[in-house]
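Each remark here refers to the structure printed beneath this line.
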Amino acid sequence: MSKQHLWWQEGVIYQIYPRSFMDSNSDGIGDLPGITARLDYLQWLGIDAVWLSPIYPSPMADFGYDVADYTGIEPMFGTMADFARLLAEVHGRGMKLLLDLVPNHTSDEHAWFQESRASRDNPKRDWYIWRDAAPGGGPPNNWLSAFGGSAWQWDEATGQYYLHSFAVEQPDLNWRNPEVEAAVFDAIRFWLDKGVDGFRVDVIYYMVKDALFRDNPPNPDFQPGQDPARTQIPVYSYNRPEVHDIARRMRRLFDAYDDRVIIGEIYLSPDELMKYYGANLDEVHLPFNFQLILLPWDATIIGRAVSAYEALLPELGWPNWVLGNHDQHRIATRVGRPQARVAAMLLLTLRGTPTCYYGDELAMVDGEIPPDLVRDPQELGKPGLGLGRDPERTPMQWDASPHAGFTTGTPWLPVAADYQTYNVAAERDDPESMLTFVRALLALRRTTPALSVGNYAETPSGSSDLFAFTREHAGQKILVVLNLSHAPHTFQSQPGPASAEILLSTLPGRAGTVDLTNLEVGADEGLILRL
């Protein structure tokens, strides 16, 4: 690592959904010993940091995002001793370990909420958001749950509503209460003291709500068939200005430790996203940038978005990019397997920290989930809209044995149908596989400072289907040319070098020196060229 850049700036993060990565005890659910057993694979692949989706005790109403204890380990995933071993083994391989923090809400089975709902005068009543019914009866306002229906749940015992921005089993914490902040910050210290290298903070922008609980205005752009949550513009139920005060205090906590990172999950416009860096770069290190997930797969649109994002970044603010995660359809499903190779090249050559989702290095696609096996509360709450997240959470495909080598039991979700072709064992020995390509891409990024930390500049490509840019550092200049279409196109360089050396192509077997004045870029081809 260079002296000027931190590990989380130069490195590549790999997200593991623990339920789906590797099962060590045949119960059909992935676990911590299973992850530990597969660390050699991650080291061989060439990633730098492992991020685990929640592993805390949970009733699993939202598969771990309903936390019942912020300082424990869910028994189905293992024990604290298993976690300690995993952390030591990750660090022993020179990698980092990130956990998921879920500060907006807890499980309704968390001891805090059990106390809060016990009576109106309980000392923890104000740890959650309770309101009286509206004057004419019914919920206090019109806020909607992300999982469907009202965000308010009536509690018969105490005669008030509590707020749940997600599932009814996920009551929102009241971050206007300093006791809540102190308790969650103590939980963060618990893990940082153990040596955890950072956190991805779940829906950090939700943590503060409007103090007056005003109704959200209607969304004039809502179209029938869209997610019902989009019928409103949620200006009062999230992204309130006060959340930045909490982010700054959280950052001060992290800054008391060496070399830790905060990554914020924030689905907002790029200009709003930038505010989470902080006016003095004193909030989140990396506000997650989801544009490659959300934008149409179009070279012109993506090129403009990258340039706009780069221009918006605060001075010394570090960029980041994501192609997939546990909430979004897999990239190979969204753009097709040939373009998934181009997408991987884009992710790993743009300036900033890339986050990879488990299995995308194999070109895994969304699994088919029969109606009777649907597990996702979002799909169950909004059936028929295609919002279910189970398809992108199917088990990791290790080999061609039953259940893809993930488990010897019955997997919690069915394995994708084509696992016998797309799996680690088959692709590891195939010089033309996605896995071989991604590993080469990661190795090239690691050994090429221009790609890991260099400056970014878009360059004209001569075609609306080509996206081209340069990366430059310490006299080393790299040209990346990406064809986001299924037809060949000609790249015509502006004044500059007439030729370049191919360092890597998405198409197997292409190498050598090429003429930049008239470069034929194949269908579904991406090229990394040394100028």
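By order in the structure tokens, chains are A, B, ...; within a chain, residues start at 1; ligands start at 1, following the order shown.
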Could you give me, as a short mmCIF file (atom, residue, chain, number, x, y, z; two decimals) with N, CA and C atoms, in the first residue's frame, the residues within 6 Å of Val12 in chain A, counting only C-alpha atoms and dropping anything in the same chain fewer than 3 positions from it?
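Below is the file around_18.cif, written as the result:
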```cif
data_model
loop_
_atom_site.label_atom_id
_atom_site.label_comp_id
_atom_site.auth_asym_id
_atom_site.auth_seq_id
_atom_site.Cartn_x
_atom_site.Cartn_y
_atom_site.Cartn_z
N ILE A 47 -9.07 -10.29 -3.16
CA ILE A 47 -9.78 -9.18 -2.54
C ILE A 47 -9.05 -8.74 -1.26
N ASP A 48 -9.38 -7.55 -0.78
CA ASP A 48 -8.66 -6.96 0.35
C ASP A 48 -9.46 -6.92 1.64
N PRO A 354 -13.99 -0.14 -5.03
CA PRO A 354 -15.05 -1.01 -5.55
C PRO A 354 -15.53 -1.99 -4.49
#
```
Query raised in the report: Neighbours of Thr300 in chain A within 10 Å (only C-alpha atoms; same-chain residues fewer than 6 positions away dropped), as a list in words?
Result: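 Non-adjacent residues within range: Ser463, Ser464, Asp465, Leu466, Phe467 and Leu484 of chain A.
Compared by their closest atoms to Leu273 in chain A, and using only C-alpha atoms, the residues A:Arg471, A:Arg445, A:Arg351, A:His244 rank with A:His244 nearest.
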Closest atom pairs, residues of range 286-361 of chain A within 10 Å of range 396-400 of chain A, only C-alpha atoms, as JSON lines:
```
{"residue": "A:Tyr358", "atom": "CA", "partner": "A:Met396", "partner_atom": "CA", "distance": 7.3}
{"residue": "A:Gly359", "atom": "CA", "partner": "A:Met396", "partner_atom": "CA", "distance": 6.0}
{"residue": "A:Asp360", "atom": "CA", "partner": "A:Met396", "partner_atom": "CA", "distance": 9.7}
```
Query raised in the report: Excluding same-chain residues fewer than 5 positions from Trp412 in chain A, what lies within 9 Å of it counting only C-alpha atoms, as an NGL selection string?
Result: :A and (19-20 or 27-30 or 373 or 375 or 394-395)
Tell me, as a compact mmCIF listing (two decimals) with all heavy atoms, in the first residue's frame, which residues lie within 7 Å of range 136-148 of chain A, counting only C-alpha atoms; anything in the same chain fewer than 5 positions away does not count.
```
# COMPACT_ATOMS: atom_id res chain seq x y z
N ARG A 131 -46.35 7.39 19.13
CA ARG A 131 -47.24 8.53 18.91
C ARG A 131 -48.69 8.11 19.16
O ARG A 131 -49.07 6.96 18.93
CB ARG A 131 -47.13 9.04 17.45
CG ARG A 131 -45.74 9.46 17.01
CD ARG A 131 -45.28 10.74 17.67
NE ARG A 131 -46.02 11.90 17.14
CZ ARG A 131 -45.89 13.12 17.63
NH1 ARG A 131 -45.08 13.36 18.64
NH2 ARG A 131 -46.58 14.12 17.10
N TYR A 161 -49.23 4.13 18.74
CA TYR A 161 -48.57 3.56 17.57
C TYR A 161 -47.05 3.66 17.74
O TYR A 161 -46.55 4.64 18.31
CB TYR A 161 -48.94 4.33 16.31
CG TYR A 161 -50.32 4.07 15.76
CD1 TYR A 161 -51.42 4.81 16.18
CD2 TYR A 161 -50.52 3.10 14.77
CE1 TYR A 161 -52.67 4.60 15.66
CE2 TYR A 161 -51.77 2.88 14.23
CZ TYR A 161 -52.85 3.63 14.67
OH TYR A 161 -54.10 3.40 14.14
N HIS A 164 -42.28 1.98 12.30
CA HIS A 164 -41.39 0.97 11.70
C HIS A 164 -41.22 1.33 10.22
O HIS A 164 -42.13 1.16 9.43
CB HIS A 164 -41.94 -0.45 11.88
CG HIS A 164 -43.28 -0.68 11.24
ND1 HIS A 164 -43.42 -1.21 9.97
CD2 HIS A 164 -44.54 -0.45 11.69
CE1 HIS A 164 -44.70 -1.28 9.66
NE2 HIS A 164 -45.41 -0.83 10.69
N SER A 165 -40.06 1.82 9.86
CA SER A 165 -39.82 2.21 8.47
C SER A 165 -39.72 1.01 7.55
O SER A 165 -39.84 1.15 6.33
CB SER A 165 -38.54 3.04 8.38
OG SER A 165 -38.67 4.25 9.08
N PHE A 166 -39.51 -0.17 8.15
CA PHE A 166 -39.39 -1.40 7.35
C PHE A 166 -40.43 -2.40 7.86
O PHE A 166 -41.60 -2.05 7.94
CB PHE A 166 -37.94 -1.90 7.40
CG PHE A 166 -37.00 -0.93 6.72
CD1 PHE A 166 -36.41 0.10 7.45
CD2 PHE A 166 -36.75 -0.99 5.36
CE1 PHE A 166 -35.58 1.03 6.83
CE2 PHE A 166 -35.93 -0.06 4.73
CZ PHE A 166 -35.35 0.96 5.47
N ALA A 167 -40.06 -3.61 8.21
CA ALA A 167 -41.05 -4.60 8.65
C ALA A 167 -41.66 -4.19 10.00
O ALA A 167 -41.03 -3.48 10.79
CB ALA A 167 -40.39 -5.98 8.77
N PHE A 213 -43.43 15.44 12.66
CA PHE A 213 -44.14 14.29 12.09
C PHE A 213 -45.14 14.72 11.01
O PHE A 213 -46.27 14.23 10.95
CB PHE A 213 -44.84 13.48 13.20
CG PHE A 213 -43.87 12.82 14.14
CD1 PHE A 213 -43.49 13.46 15.31
CD2 PHE A 213 -43.32 11.60 13.83
CE1 PHE A 213 -42.57 12.87 16.17
CE2 PHE A 213 -42.40 11.00 14.68
CZ PHE A 213 -42.04 11.63 15.86
N ARG A 214 -44.70 15.63 10.15
CA ARG A 214 -45.58 16.11 9.08
C ARG A 214 -45.80 15.02 8.02
O ARG A 214 -44.93 14.17 7.79
CB ARG A 214 -44.95 17.35 8.43
CG ARG A 214 -45.04 18.59 9.30
CD ARG A 214 -44.19 19.72 8.77
NE ARG A 214 -42.77 19.53 9.06
CZ ARG A 214 -41.83 20.45 8.86
NH1 ARG A 214 -42.16 21.63 8.34
NH2 ARG A 214 -40.56 20.20 9.18
N ASP A 215 -46.95 15.08 7.35
CA ASP A 215 -47.24 14.16 6.25
C ASP A 215 -46.25 14.35 5.11
O ASP A 215 -45.89 15.49 4.78
CB ASP A 215 -48.65 14.40 5.71
CG ASP A 215 -49.73 13.73 6.55
OD1 ASP A 215 -49.40 13.02 7.52
OD2 ASP A 215 -50.92 13.94 6.23
N ASN A 216 -45.85 13.24 4.49
CA ASN A 216 -45.05 13.34 3.27
C ASN A 216 -45.95 13.78 2.11
O ASN A 216 -47.11 13.35 2.02
CB ASN A 216 -44.42 11.99 2.92
CG ASN A 216 -43.20 11.69 3.77
OD1 ASN A 216 -42.43 12.59 4.10
ND2 ASN A 216 -43.02 10.42 4.11
N ALA A 229 -44.38 2.38 -2.21
CA ALA A 229 -43.67 3.34 -1.36
C ALA A 229 -43.34 4.62 -2.13
O ALA A 229 -43.12 5.68 -1.52
CB ALA A 229 -42.41 2.72 -0.79
N SER A 237 -39.66 11.66 6.40
CA SER A 237 -39.41 10.38 7.08
C SER A 237 -37.97 9.92 6.96
O SER A 237 -37.59 8.94 7.60
CB SER A 237 -40.37 9.30 6.56
OG SER A 237 -40.37 9.26 5.14
N PRO A 377 -39.38 -10.63 3.26
CA PRO A 377 -40.57 -9.90 3.72
C PRO A 377 -41.01 -8.80 2.76
O PRO A 377 -42.19 -8.45 2.73
CB PRO A 377 -40.12 -9.31 5.06
CG PRO A 377 -38.64 -9.30 5.02
CD PRO A 377 -38.25 -10.48 4.19
N GLN A 378 -40.08 -8.25 1.97
CA GLN A 378 -40.48 -7.21 1.01
C GLN A 378 -41.36 -7.81 -0.09
O GLN A 378 -42.36 -7.24 -0.49
CB GLN A 378 -39.26 -6.53 0.41
CG GLN A 378 -39.59 -5.46 -0.61
CD GLN A 378 -38.45 -4.51 -0.89
OE1 GLN A 378 -38.28 -3.52 -0.20
NE2 GLN A 378 -37.67 -4.82 -1.90
N GLY A 381 -44.71 -8.69 1.38
CA GLY A 381 -45.52 -7.51 1.66
C GLY A 381 -46.01 -6.80 0.42
O GLY A 381 -46.99 -6.04 0.48
N LYS A 382 -45.32 -7.02 -0.71
CA LYS A 382 -45.71 -6.36 -1.97
C LYS A 382 -45.66 -7.38 -3.10
O LYS A 382 -44.84 -7.28 -4.02
CB LYS A 382 -44.74 -5.21 -2.29
CG LYS A 382 -44.65 -4.12 -1.23
CD LYS A 382 -43.56 -3.14 -1.61
CE LYS A 382 -43.37 -2.05 -0.59
NZ LYS A 382 -42.23 -1.17 -0.92
```
Requested in this report: From the DSSP assignment of the backbone, select every residue of range 205-345 of chain A that is helix (DSSP H, G or I), and format the answer as a PyMOL selection string.
Outcome: chain A and resi 205-206+228-231+243-255+270-277+291-294+299-312+331-335+337-345
Once you count only C-alpha atoms, what closest atom pair and distance in Å to one decimal does each residue of range 149-217 of chain A within 9 Å of range 99-104 of chain A have, with rows by chain and rising residue number, as JSON lines?
```
{"residue": "A:Ser165", "atom": "CA", "partner": "A:Asn104", "partner_atom": "CA", "distance": 8.7}
{"residue": "A:Pro171", "atom": "CA", "partner": "A:Asn104", "partner_atom": "CA", "distance": 8.5}
{"residue": "A:Asp172", "atom": "CA", "partner": "A:Asn104", "partner_atom": "CA", "distance": 5.7}
{"residue": "A:Leu173", "atom": "CA", "partner": "A:Asn104", "partner_atom": "CA", "distance": 5.8}
{"residue": "A:Asn174", "atom": "CA", "partner": "A:Asn104", "partner_atom": "CA", "distance": 8.2}
{"residue": "A:Trp175", "atom": "CA", "partner": "A:Asn104", "partner_atom": "CA", "distance": 8.0}
{"residue": "A:Val184", "atom": "CA", "partner": "A:Pro103", "partner_atom": "CA", "distance": 7.1}
{"residue": "A:Ile188", "atom": "CA", "partner": "A:Leu101", "partner_atom": "CA", "distance": 8.0}
{"residue": "A:Trp191", "atom": "CA", "partner": "A:Leu99", "partner_atom": "CA", "distance": 8.7}
{"residue": "A:Val196", "atom": "CA", "partner": "A:Leu99", "partner_atom": "CA", "distance": 7.3}
{"residue": "A:Asp197", "atom": "CA", "partner": "A:Leu99", "partner_atom": "CA", "distance": 8.2}
{"residue": "A:Gly198", "atom": "CA", "partner": "A:Leu99", "partner_atom": "CA", "distance": 6.5}
{"residue": "A:Phe199", "atom": "CA", "partner": "A:Leu99", "partner_atom": "CA", "distance": 4.8}
{"residue": "A:Arg200", "atom": "CA", "partner": "A:Asp100", "partner_atom": "CA", "distance": 4.9}
{"residue": "A:Val201", "atom": "CA", "partner": "A:Leu101", "partner_atom": "CA", "distance": 4.8}
{"residue": "A:Asp202", "atom": "CA", "partner": "A:Val102", "partner_atom": "CA", "distance": 5.0}
{"residue": "A:Val203", "atom": "CA", "partner": "A:Asn104", "partner_atom": "CA", "distance": 7.0}
{"residue": "A:Ile204", "atom": "CA", "partner": "A:Asn104", "partner_atom": "CA", "distance": 7.0}
{"residue": "A:Tyr205", "atom": "CA", "partner": "A:Asn104", "partner_atom": "CA", "distance": 8.7}
{"residue": "A:Tyr206", "atom": "CA", "partner": "A:Asn104", "partner_atom": "CA", "distance": 6.4}
{"residue": "A:Met207", "atom": "CA", "partner": "A:Asn104", "partner_atom": "CA", "distance": 5.0}
{"residue": "A:Val208", "atom": "CA", "partner": "A:Asn104", "partner_atom": "CA", "distance": 8.3}
```
Report summary line: Between CA of Ile73 in chain A and CA of Pro54 in chain A lies a distance of 9.2 Å
Env of Ser485 in chain A: 12 Å cut, atoms = only C-alpha atoms, seq-sep filter 6 positions within chain, self excluded. Answer as an mmCIF file with C-alpha atoms, in the first residue's frame.
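part_37.cif, written as the output of this step:
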```cif
data_model
loop_
_atom_site.group_PDB
_atom_site.id
_atom_site.type_symbol
_atom_site.label_atom_id
_atom_site.label_comp_id
_atom_site.auth_asym_id
_atom_site.auth_seq_id
_atom_site.Cartn_x
_atom_site.Cartn_y
_atom_site.Cartn_z
ATOM 1 C CA TRP A 297 -26.889 0.240 -18.947
ATOM 2 C CA ASP A 298 -26.016 2.861 -21.546
ATOM 3 C CA ALA A 299 -22.504 4.163 -22.289
ATOM 4 C CA THR A 300 -23.535 7.796 -22.722
ATOM 5 C CA VAL A 335 -27.181 -6.884 -18.350
ATOM 6 C CA GLY A 336 -26.479 -10.477 -19.433
ATOM 7 C CA PRO A 338 -21.271 -11.089 -21.823
ATOM 8 C CA GLN A 339 -21.850 -7.544 -20.531
ATOM 9 C CA ALA A 340 -21.224 -8.678 -16.939
ATOM 10 C CA VAL A 342 -17.592 -5.413 -19.215
ATOM 11 C CA ALA A 343 -19.330 -4.331 -16.009
ATOM 12 C CA SER A 463 -19.300 6.102 -30.515
ATOM 13 C CA SER A 464 -22.323 6.511 -28.265
ATOM 14 C CA ASP A 465 -21.967 2.831 -27.289
ATOM 15 C CA LEU A 466 -18.360 3.180 -26.124
ATOM 16 C CA PHE A 467 -17.331 4.617 -22.759
ATOM 17 C CA VAL A 521 -13.690 -2.897 -30.237
ATOM 18 C CA GLY A 522 -15.587 -6.154 -30.346
ATOM 19 C CA ALA A 523 -19.169 -6.726 -29.269
ATOM 20 C CA ASP A 524 -19.323 -6.918 -25.466
ATOM 21 C CA GLU A 525 -15.635 -6.071 -25.252
ATOM 22 C CA GLY A 526 -13.785 -4.031 -22.697
#
```
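Computed from the coordinates, the CA of His5 in chain A to CA of Val306 in chain A distance equals 21.5 Å.
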Query - Residue nearest Glu368 in chain A - candidates A:Ala133, A:Val415, A:Leu531, A:Leu87, atoms counted: only C-alpha atoms - result: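 Once distances to Glu368 in chain A are computed over only C-alpha atoms, the minimum belongs to A:Val415.
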